[in-house]
Structures are given as C-alpha cells and as structure tokens.
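Coordinates from final02.pdb are shown below (PDB, C-alpha atoms).
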```
MODEL        1
ATOM      1  CA  ASP A 263       0.000   0.000   0.000
ATOM      2  CA  ALA A 264       2.839   2.400   0.883
ATOM      3  CA  PHE A 265       4.513   1.839  -2.498
ATOM      4  CA  ALA A 266       1.200   2.069  -4.369
ATOM      5  CA  SER A 267       0.122   5.360  -2.802
ATOM      6  CA  GLY A 268       3.662   6.720  -3.124
ATOM      7  CA  SER A 269       3.867   5.811  -6.802
ATOM      8  CA  TYR A 270       0.532   7.501  -7.484
ATOM      9  CA  SER A 271       1.574  10.690  -5.665
ATOM     10  CA  GLU A 272       4.746  10.822  -7.804
ATOM     11  CA  LEU A 273       2.535  11.641 -10.786
ATOM     12  CA  ASP A 274       1.249  14.818  -9.089
ATOM     13  CA  TYR A 275       3.819  17.608  -9.531
ATOM     14  CA  ASP A 276       1.870  19.987  -7.281
ATOM     15  CA  ASN A 277       2.469  17.427  -4.554
ATOM     16  CA  GLU A 278       6.148  17.123  -5.436
ATOM     17  CA  ALA A 279       6.550  20.899  -5.419
ATOM     18  CA  ALA A 280       4.994  21.094  -1.938
ATOM     19  CA  ASN A 281       7.326  18.348  -0.715
ATOM     20  CA  GLN A 282      10.378  20.109  -2.145
ATOM     21  CA  ILE A 283       9.447  23.453  -0.596
ATOM     22  CA  ARG A 284       8.897  21.766   2.756
ATOM     23  CA  PHE A 285      12.281  20.026   2.599
ATOM     24  CA  LYS A 286      14.073  23.225   1.631
ATOM     25  CA  HIS A 287      12.556  24.970   4.654
ATOM     26  CA  GLU A 288      13.039  22.169   7.203
ATOM     27  CA  LEU A 289      16.624  21.377   6.224
ATOM     28  CA  GLY A 290      17.429  25.065   5.840
ATOM     29  CA  ILE A 291      16.447  25.990   9.397
ATOM     30  CA  ARG A 292      18.566  23.068  10.609
ATOM     31  CA  LYS A 293      21.520  24.409   8.599
ATOM     32  CA  CYS A 294      22.095  21.071   6.856
ATOM     33  CA  ARG A 295      24.917  20.812   4.320
ATOM     34  CA  VAL A 296      22.666  20.141   1.348
ATOM     35  CA  LYS A 297      21.357  21.989  -1.692
ATOM     36  CA  ILE A 298      17.625  21.847  -2.435
ATOM     37  CA  PRO A 299      16.644  23.520  -5.732
ATOM     38  CA  THR A 300      14.155  26.375  -5.545
ATOM     39  CA  VAL A 301      10.678  25.644  -6.954
ATOM     40  CA  TYR A 302       9.086  28.215  -9.280
ATOM     41  CA  LEU A 303       5.399  27.911  -8.421
ATOM     42  CA  ASP A 304       4.258  30.321 -11.135
ATOM     43  CA  TYR A 305       5.443  27.781 -13.705
ATOM     44  CA  THR A 306       4.362  24.641 -11.863
ATOM     45  CA  SER A 307       1.123  22.661 -12.149
ATOM     46  CA  ARG A 308      -0.124  19.145 -11.533
ATOM     47  CA  ARG A 309       1.528  17.985 -14.768
ATOM     48  CA  VAL A 310       4.633  20.207 -14.854
ATOM     49  CA  ILE A 311       7.210  21.156 -12.228
ATOM     50  CA  THR A 312       9.754  23.929 -12.783
ATOM     51  CA  THR A 313      12.759  24.267 -10.487
ATOM     52  CA  GLU A 314      16.153  25.888 -10.280
ATOM     53  CA  TRP A 315      18.796  24.312 -12.564
ATOM     54  CA  ILE A 316      21.714  22.695 -10.729
ATOM     55  CA  ASN A 317      25.091  22.121 -12.360
ATOM     56  CA  GLY A 318      26.682  18.970 -11.025
ATOM     57  CA  VAL A 319      27.491  15.302 -11.459
ATOM     58  CA  LYS A 320      25.787  12.257 -10.031
ATOM     59  CA  LEU A 321      27.243  11.327  -6.663
ATOM     60  CA  ALA A 322      27.735   7.756  -7.898
ATOM     61  CA  ASP A 323      29.821   9.093 -10.839
ATOM     62  CA  ALA A 324      32.023  11.286  -8.665
ATOM     63  CA  PRO A 325      35.584  10.236  -7.753
ATOM     64  CA  GLN A 326      35.696   7.695  -4.933
ATOM     65  CA  GLU A 327      37.365  10.175  -2.607
ATOM     66  CA  ARG A 328      34.525  12.660  -3.148
ATOM     67  CA  ILE A 329      31.946   9.954  -2.502
ATOM     68  CA  ARG A 330      33.694   9.113   0.775
ATOM     69  CA  GLN A 331      33.756  12.780   1.769
ATOM     70  CA  LEU A 332      30.045  13.265   1.121
ATOM     71  CA  THR A 333      28.864   9.937   2.530
ATOM     72  CA  SER A 334      28.805  11.225   6.102
ATOM     73  CA  ASP A 335      26.708  14.211   4.958
ATOM     74  CA  GLY A 336      24.294  11.857   3.191
ATOM     75  CA  VAL A 337      23.892   9.549   6.176
ATOM     76  CA  GLU A 338      23.394  12.453   8.584
ATOM     77  CA  LEU A 339      20.900  14.017   6.178
ATOM     78  CA  PHE A 340      18.875  10.788   6.093
ATOM     79  CA  CYS A 341      19.008  10.481   9.898
ATOM     80  CA  ILE A 342      17.856  14.092  10.345
ATOM     81  CA  GLN A 343      14.906  13.502   8.043
ATOM     82  CA  LEU A 344      13.940  10.242   9.735
ATOM     83  CA  LEU A 345      14.595  11.041  13.403
ATOM     84  CA  ASP A 346      13.955  14.789  13.604
ATOM     85  CA  VAL A 347      11.988  16.236  10.679
ATOM     86  CA  GLY A 348       9.705  13.198  10.376
ATOM     87  CA  TRP A 349       9.446  13.672   6.630
ATOM     88  CA  PHE A 350      11.961  11.844   4.490
ATOM     89  CA  HIS A 351      13.011  11.449   0.883
ATOM     90  CA  SER A 352      12.282   7.806   0.040
ATOM     91  CA  ASP A 353      14.026   7.641  -3.333
ATOM     92  CA  PRO A 354      17.715   8.634  -2.951
ATOM     93  CA  HIS A 355      18.875   6.616  -5.981
ATOM     94  CA  PRO A 356      22.028   7.682  -7.883
ATOM     95  CA  GLY A 357      20.125   9.980 -10.259
ATOM     96  CA  ASN A 358      18.643  11.964  -7.377
ATOM     97  CA  LEU A 359      21.911  12.789  -5.604
ATOM     98  CA  LEU A 360      24.239  15.291  -7.251
ATOM     99  CA  VAL A 361      27.559  16.825  -6.286
ATOM    100  CA  SER A 362      26.926  20.504  -6.947
ATOM    101  CA  GLU A 363      29.541  22.334  -8.999
ATOM    102  CA  ASP A 364      28.592  25.468  -7.094
ATOM    103  CA  ASP A 365      28.048  25.948  -3.342
ATOM    104  CA  ASP A 366      31.440  24.390  -2.483
ATOM    105  CA  GLY A 367      30.500  21.040  -3.987
ATOM    106  CA  VAL A 368      27.793  20.170  -1.466
ATOM    107  CA  LEU A 369      25.352  17.324  -1.892
ATOM    108  CA  CYS A 370      22.248  18.241  -3.880
ATOM    109  CA  LEU A 371      18.984  16.334  -3.399
ATOM    110  CA  LEU A 372      16.519  16.051  -6.308
ATOM    111  CA  ASP A 373      13.085  14.550  -7.067
ATOM    112  CA  PHE A 374      10.730  14.805  -4.107
ATOM    113  CA  GLY A 375       7.843  12.857  -5.599
ATOM    114  CA  LEU A 376       8.225   9.848  -3.279
ATOM    115  CA  CYS A 377       8.317  10.962   0.352
ATOM    116  CA  ALA A 378       6.919   9.527   3.561
ATOM    117  CA  GLU A 379       5.953  10.869   6.970
ATOM    118  CA  VAL A 380       6.920   9.488  10.376
ATOM    119  CA  ASP A 381       4.923  10.744  13.358
ATOM    120  CA  GLU A 382       6.609  12.003  16.525
ATOM    121  CA  LYS A 383       5.929   8.842  18.537
ATOM    122  CA  SER A 384       7.537   6.689  15.837
ATOM    123  CA  ARG A 385      10.508   9.069  15.535
ATOM    124  CA  ARG A 386      11.209   8.732  19.235
ATOM    125  CA  ALA A 387      10.798   4.952  19.064
ATOM    126  CA  ILE A 388      13.134   4.657  16.058
ATOM    127  CA  THR A 389      15.761   6.768  17.839
ATOM    128  CA  LYS A 390      15.592   4.552  20.916
ATOM    129  CA  ALA A 391      15.613   1.409  18.780
ATOM    130  CA  LEU A 392      18.742   2.564  16.968
ATOM    131  CA  PHE A 393      20.386   3.389  20.291
ATOM    132  CA  HIS A 394      19.495  -0.044  21.686
ATOM    133  CA  LEU A 395      20.673  -1.797  18.511
ATOM    134  CA  LEU A 396      24.027  -0.018  18.464
ATOM    135  CA  THR A 397      24.638  -0.672  22.161
ATOM    136  CA  GLY A 398      23.569  -4.317  21.999
ATOM    137  CA  ASP A 399      20.538  -3.855  24.274
ATOM    138  CA  PHE A 400      18.390  -6.405  22.457
ATOM    139  CA  ASP A 401      16.026  -6.912  25.397
ATOM    140  CA  SER A 402      14.834  -3.295  25.213
ATOM    141  CA  LEU A 403      14.759  -3.498  21.436
ATOM    142  CA  VAL A 404      12.308  -6.420  21.566
ATOM    143  CA  THR A 405      10.235  -5.661  24.666
ATOM    144  CA  GLU A 406       9.891  -1.891  24.132
ATOM    145  CA  ASP A 407      10.873  -0.608  20.692
ATOM    146  CA  ALA A 408       9.335  -3.348  18.525
ATOM    147  CA  LYS A 409       6.011  -2.811  20.291
ATOM    148  CA  GLU A 410       6.139   0.990  20.190
ATOM    149  CA  LEU A 411       6.813   0.883  16.445
ATOM    150  CA  GLY A 412       3.955  -1.545  15.812
ATOM    151  CA  PHE A 413       6.024  -4.555  14.772
ATOM    152  CA  LEU A 414       4.565  -6.567  17.663
ATOM    153  CA  PRO A 415       1.307  -6.359  19.667
ATOM    154  CA  GLU A 416       1.593  -4.483  22.979
ATOM    155  CA  ASP A 417       0.403  -7.461  25.041
ATOM    156  CA  LEU A 418       2.712 -10.068  23.458
ATOM    157  CA  ASP A 419       4.959 -12.104  25.779
ATOM    158  CA  THR A 420       8.407 -11.701  24.193
ATOM    159  CA  GLU A 421      10.495 -13.951  26.475
ATOM    160  CA  GLY A 422      10.791 -16.717  23.879
ATOM    161  CA  LEU A 423      11.397 -14.197  21.102
ATOM    162  CA  LYS A 424      14.381 -12.408  22.664
ATOM    163  CA  PRO A 425      17.088 -15.028  21.978
ATOM    164  CA  LEU A 426      15.832 -15.602  18.429
ATOM    165  CA  LEU A 427      15.894 -11.918  17.538
ATOM    166  CA  LYS A 428      19.257 -11.443  19.196
ATOM    167  CA  THR A 429      20.677 -14.119  16.883
ATOM    168  CA  ILE A 430      19.016 -12.586  13.820
ATOM    169  CA  LEU A 431      20.082  -9.020  14.547
ATOM    170  CA  THR A 432      23.622  -9.927  15.537
ATOM    171  CA  LYS A 433      24.410 -12.415  12.787
ATOM    172  CA  GLY A 434      22.205 -11.006  10.055
ATOM    173  CA  LEU A 435      22.903  -7.286  10.455
ATOM    174  CA  LEU A 436      25.777  -6.339  12.723
ATOM    175  CA  GLU A 437      28.149  -9.162  11.823
ATOM    176  CA  GLY A 438      27.549  -8.569   8.131
ATOM    177  CA  GLY A 439      29.176  -5.150   8.401
ATOM    178  CA  SER A 440      29.825  -3.290   5.178
ATOM    179  CA  ASN A 441      29.998  -6.278   2.830
ATOM    180  CA  LEU A 442      26.597  -6.820   1.210
ATOM    181  CA  ARG A 443      27.542 -10.330   0.036
ATOM    182  CA  THR A 444      28.607 -11.283   3.557
ATOM    183  CA  ARG A 445      25.398  -9.857   4.977
ATOM    184  CA  LYS A 446      23.308 -11.765   2.417
ATOM    185  CA  ARG A 447      25.176 -15.005   3.192
ATOM    186  CA  LYS A 448      24.719 -14.541   6.917
ATOM    187  CA  LEU A 449      20.999 -13.910   6.452
ATOM    188  CA  MET A 450      20.803 -17.127   4.440
ATOM    189  CA  ASP A 451      22.625 -18.936   7.260
ATOM    190  CA  ILE A 452      19.918 -17.902   9.719
ATOM    191  CA  SER A 453      16.982 -18.412   7.343
ATOM    192  CA  ASN A 454      15.567 -21.143   9.598
ATOM    193  CA  GLU A 455      15.528 -18.774  12.553
ATOM    194  CA  LEU A 456      13.876 -16.091  10.417
ATOM    195  CA  ASN A 457      11.181 -18.494   9.232
ATOM    196  CA  ASP A 458      10.607 -19.664  12.793
ATOM    197  CA  VAL A 459      10.157 -16.111  14.069
ATOM    198  CA  PHE A 460       7.722 -15.036  11.369
ATOM    199  CA  PHE A 461       5.759 -18.276  11.595
ATOM    200  CA  ARG A 462       5.395 -18.274  15.389
ATOM    201  CA  TYR A 463       4.960 -14.574  16.164
ATOM    202  CA  PRO A 464       2.415 -11.990  14.916
ATOM    203  CA  PHE A 465       4.803  -9.568  13.192
ATOM    204  CA  SER A 466       3.539  -6.657  11.113
ATOM    205  CA  VAL A 467       5.462  -3.927   9.304
ATOM    206  CA  PRO A 468       4.498  -0.236   9.759
ATOM    207  CA  PRO A 469       3.490   1.329   6.413
ATOM    208  CA  PHE A 470       6.370   3.822   6.343
ATOM    209  CA  PHE A 471       9.041   1.258   7.196
ATOM    210  CA  ALA A 472       9.226  -0.301   3.743
ATOM    211  CA  LEU A 473      10.103   3.111   2.328
ATOM    212  CA  VAL A 474      12.662   3.704   5.089
ATOM    213  CA  THR A 475      14.522   0.476   4.322
ATOM    214  CA  ARG A 476      14.346   1.191   0.581
ATOM    215  CA  GLY A 477      15.854   4.640   1.001
ATOM    216  CA  LEU A 478      18.533   3.421   3.383
ATOM    217  CA  GLY A 479      19.478   0.571   1.053
ATOM    218  CA  LEU A 480      19.879   2.919  -1.920
ATOM    219  CA  LEU A 481      22.033   5.306   0.092
ATOM    220  CA  GLU A 482      24.178   2.470   1.413
ATOM    221  CA  GLY A 483      24.774   1.138  -2.108
ATOM    222  CA  ILE A 484      26.116   4.512  -3.266
ATOM    223  CA  ALA A 485      28.321   4.815  -0.168
ATOM    224  CA  LEU A 486      29.819   1.371  -0.752
ATOM    225  CA  SER A 487      30.825   2.335  -4.295
ATOM    226  CA  GLY A 488      33.133   4.948  -2.776
ATOM    227  CA  ASP A 489      34.188   3.027   0.308
ATOM    228  CA  PRO A 490      33.993  -0.801   0.278
ATOM    229  CA  GLU A 491      34.469  -0.777   4.072
ATOM    230  CA  PHE A 492      31.513   1.536   4.695
ATOM    231  CA  ASP A 493      29.432   0.491   7.722
ATOM    232  CA  ILE A 494      25.938   2.018   7.787
ATOM    233  CA  PHE A 495      25.546   1.402  11.525
ATOM    234  CA  LYS A 496      28.836   3.048  12.454
ATOM    235  CA  ALA A 497      28.126   5.956  10.105
ATOM    236  CA  SER A 498      24.738   6.551  11.745
ATOM    237  CA  MET A 499      26.157   6.621  15.270
ATOM    238  CA  PRO A 500      27.268  10.303  15.603
ATOM    239  CA  TYR A 501      23.885  11.806  14.741
ATOM    240  CA  ALA A 502      21.916   9.007  16.409
ATOM    241  CA  ARG A 503      23.835   9.681  19.622
ATOM    242  CA  ARG A 504      23.112  13.420  19.501
ATOM    243  CA  ARG A 505      19.440  12.802  18.791
ATOM    244  CA  ALA A 506      19.194  10.183  21.534
ATOM    245  CA  VAL A 507      20.646  12.684  24.033
ATOM    246  CA  GLN A 508      17.917  15.158  23.063
ATOM    247  CA  ILE A 509      15.194  12.546  23.534
ATOM    248  CA  MET A 510      16.489  10.344  26.359
ATOM    249  CA  GLY A 511      18.719  12.783  28.239
ATOM    250  CA  LYS A 512      22.442  12.692  29.019
ATOM    251  CA  GLN A 513      21.929  10.429  32.011
ATOM    252  CA  SER A 514      20.657   7.613  29.800
ATOM    253  CA  MET A 515      23.611   8.007  27.462
ATOM    254  CA  LYS A 516      26.443   7.453  29.950
ATOM    255  CA  GLY A 517      27.001   3.903  28.813
ATOM    256  CA  TRP A 518      26.811   4.671  25.087
ATOM    257  CA  ARG A 519      30.508   4.476  24.221
ATOM    258  CA  GLY A 520      31.266   1.591  26.519
ATOM    259  CA  ALA A 521      28.258  -0.407  25.404
ATOM    260  CA  TRP A 522      28.987   0.310  21.732
ATOM    261  CA  SER A 523      32.619  -0.783  22.035
ATOM    262  CA  SER A 524      31.648  -3.859  24.042
ATOM    263  CA  SER A 525      28.929  -4.934  21.620
ATOM    264  CA  ARG A 526      31.290  -4.569  18.641
ATOM    265  CA  ARG A 527      34.003  -6.591  20.388
ATOM    266  CA  GLU A 528      31.509  -9.382  21.136
ATOM    267  CA  ILE A 529      30.456  -9.467  17.492
ATOM    268  CA  LYS A 530      34.029  -9.781  16.208
ATOM    269  CA  THR A 531      35.022 -12.594  18.598
TER     270      THR A 531
ENDMDL
END
```

Would you put the structure from the file into structure tokens?
Amino acid sequence: DAFASGSYSELDYDNEAANQIRFKHELGIRKCRVKIPTVYLDYTSRRVITTEWINGVKLADAPQERIRQLTSDGVELFCIQLLDVGWFHSDPHPGNLLVSEDDDGVLCLLDFGLCAEVDEKSRRAITKALFHLLTGDFDSLVTEDAKELGFLPEDLDTEGLKPLLKTILTKGLLEGGSNLRTRKRKLMDISNELNDVFFRYPFSVPPFFALVTRGLGLLEGIALSGDPEFDIFKASMPYARRRAVQIMGKQSMKGWRGAWSSSRREIKT
C-alpha cells in the first residue's frame, strides 16, 4: 500500500513541489549541508514542475574520494529527516543525488515525488531502537521498541522471542558489516531462525518502514561504491547519539561508548 500510494503521488507535480518546498525549509532551518533547488510555483502545475537548474554530477559518478567525503553528509541528512523532521526522501537513488559544482561542492537532493511521513511517537521509538541496537541492548529493542513501532502487539509475551531476535540481529545485520555479500550469506545462514520467528509470532510492518529500508538501502549502495568498508551502523552513530541525548537525556547516554565498544568486540570474537 505504501509503495502504491507513493507511486501515485509521484505523478502529481503539485504534490512534489509542496514536498520540495517543505524540505528546503526544514533542512534550511537546521543548517544542513545540502542543496535543495528552488521551486518556481508560477510555472508549476499538476503535470509540470519547474525548479532551479543545478550544475553537477551524479554522486555515484564522482571520484571515490569525493563519494567518501560526502557519505557522512548523506547519512546524517537521512538520519535528520527520519529522526527529527519526520518527513523523508524515500528515493535517494544515484540519479537523485548530485555533487553541486557550485556551493562548495555540497550534496544536492533532487526529485521529491516519493516521500513519507513518520509521526513524533515513531521518531522517538526509532531513535531509541537505533540506540538499543548499536549498544547491543536487544532486550529493550524487543520488549519496548518493537512494540512501540507496531512490529509486535503491545500485550505479546516476548520472552521466547528475545534469543531468536538477538541471533538474527547480531548475525544477520551487525556481523555482516559493510559487505553486502557477507550480509546476504549470513541472512541465508539464519533463514531457519527467520522463518521460525515469522511463523510463530504476529509480526507486522508499519506502512512507512518499507520506504525507510528502501531509502537506506539505496544510500548504502552509493556509499559502498566509494568506500567498500563503509558500515551504515557506524556511520549513523554520531547523529543518532546526539538525537538520543535530546530525547532520552544525558543520564541515559552514559554507557553509550562503553556499550557500543563492548557490543562490537563481542560481534568480532
């Protein structure tokens, strides 16, 4: 349903223009290092959109060093949209990310036809879930975050689920690191556990989440073309930490570095 409604809205350029104007404002007041082309509403209608022309090259076609330099900006930009603004660009494929030839070569974001909204409750839950994932707190991830985000019913007993999900998240995501082939192989290795979880427990996926994973996957693919060792989890940590402090408070963050280092050491051994 999320893809169907999103695809339909992409055909409405009035909608795309409104999205682009909103992004330019929201990211502008947050002083993000990104260029959003200006929309010329006098020359825009449902069937035509007219925007500022940007001179640049596709990020994926830029030199590897430039891709590496801009990757951190791209990851932070995605995190800001998802965790703070609550309105994110769901289609960051190579044609929609330019390296501007002006404005000191900043990242330029194009094509705002496919966007999705994340409400405040979900933004807070995603922030906490990311914090718990990066620090290896799988109990909180399962008993609190999965329920808050709507993956599991509120009244579900998760005791039997915890060890299964810990195996899946550790082996399937964190151990896979930057290598997509390794991650795919590790997911295949735990396919029985995955089947068991989805067969035994009433999982559901929030409508916006399919678009989140799509956007994140596209961004990760571009990043890996410039840096084969790129780790999406490690790259997300700086902004996720700052956002978690805002939401959870400094007191809750005391164990962040220690827990992160410990969880990564456990994964590698």

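Pairwise distance (CA of Val319 in chain A, CA of Pro500 in chain A) equals 27.5 Å.
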
Pull out every residue that the PyMOL selection byres ((chain A and resi 345) around 12) matches in the shown coordinates and put them as JSON, numbers by chain. {"A": [337, 338, 339, 340, 341, 342, 343, 344, 346, 347, 348, 349, 350, 379, 380, 381, 382, 383, 384, 385, 386, 387, 388, 389, 390, 391, 392, 393, 474, 498, 501, 502, 503, 504, 505, 506, 508, 509]}

Q.
For the provided coordinates, the residues matched by the PyMOL selection byres ((chain A and resi 363) around 6) should be stated as a PyMOL selection string.
A. chain A and resi 317-318+362+364+367

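Distance annotation: of A:Met499, A:Cys377, A:Cys370, A:Cys294, the residue with the minimal separation from Ala472 in chain A is A:Cys377; atom set is only C-alpha atoms.
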
Give as a PyMOL selection string the set of residues within 9 Å of the point (35.7, 3.9, -1.6), where distances use the file's coordinates and all atoms listed in the file. chain A and resi 325-330+485-492

Atom pair CA of Ile283 in chain A + CA of Asp373 in chain A, distance 11.6 Å

Using all atoms listed in the file, the shortest atom-to-atom distance to Leu478 in chain A among A:Glu416, A:Asp353, A:Asp458, A:Glu410 belongs to A:Asp353

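Among the candidates A:Phe400, A:Pro415, A:Leu372, A:Phe460, the residue lying nearest to Thr432 in chain A is A:Phe400 (atoms considered: all atoms listed in the file).
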
- Identify, on the basis of only C-alpha atoms, every residue whose closest approach to Val467 in chain A does not exceed 12 Å; exclude the query and any residue fewer than 3 positions from it along the same chain; express the result as JSON, numbers by chain. {"A": [263, 264, 408, 409, 410, 411, 412, 413, 414, 415, 460, 464, 470, 471, 472, 473, 474, 475]}

| task | Write out as a list in words the residues lying within 12 Å of Arg284 in chain A, counting all atoms listed in the file and excluding same-chain residues fewer than 4 positions away. | result | Asn277, Glu278, Ala279, Ala280, Glu288, Leu289, Gly290, Ile291, Ile298, Pro299, Thr300, Val301, Gln343, Val347, Gly348, Trp349, Phe350, His351, Phe374 and Cys377 of chain A

Take the residues from that selection and write them out as an mmCIF file, in the coordinates of the input, keeping C-alpha atoms.
```cif
data_model
loop_
_atom_site.group_PDB
_atom_site.id
_atom_site.type_symbol
_atom_site.label_atom_id
_atom_site.label_comp_id
_atom_site.auth_asym_id
_atom_site.auth_seq_id
_atom_site.Cartn_x
_atom_site.Cartn_y
_atom_site.Cartn_z
ATOM 1 C CA ASN A 277 2.469 17.427 -4.554
ATOM 2 C CA GLU A 278 6.148 17.123 -5.436
ATOM 3 C CA ALA A 279 6.550 20.899 -5.419
ATOM 4 C CA ALA A 280 4.994 21.094 -1.938
ATOM 5 C CA GLU A 288 13.039 22.169 7.203
ATOM 6 C CA LEU A 289 16.624 21.377 6.224
ATOM 7 C CA GLY A 290 17.429 25.065 5.840
ATOM 8 C CA ILE A 291 16.447 25.990 9.397
ATOM 9 C CA ILE A 298 17.625 21.847 -2.435
ATOM 10 C CA PRO A 299 16.644 23.520 -5.732
ATOM 11 C CA THR A 300 14.155 26.375 -5.545
ATOM 12 C CA VAL A 301 10.678 25.644 -6.954
ATOM 13 C CA GLN A 343 14.906 13.502 8.043
ATOM 14 C CA VAL A 347 11.988 16.236 10.679
ATOM 15 C CA GLY A 348 9.705 13.198 10.376
ATOM 16 C CA TRP A 349 9.446 13.672 6.630
ATOM 17 C CA PHE A 350 11.961 11.844 4.490
ATOM 18 C CA HIS A 351 13.011 11.449 0.883
ATOM 19 C CA PHE A 374 10.730 14.805 -4.107
ATOM 20 C CA CYS A 377 8.317 10.962 0.352
#
```
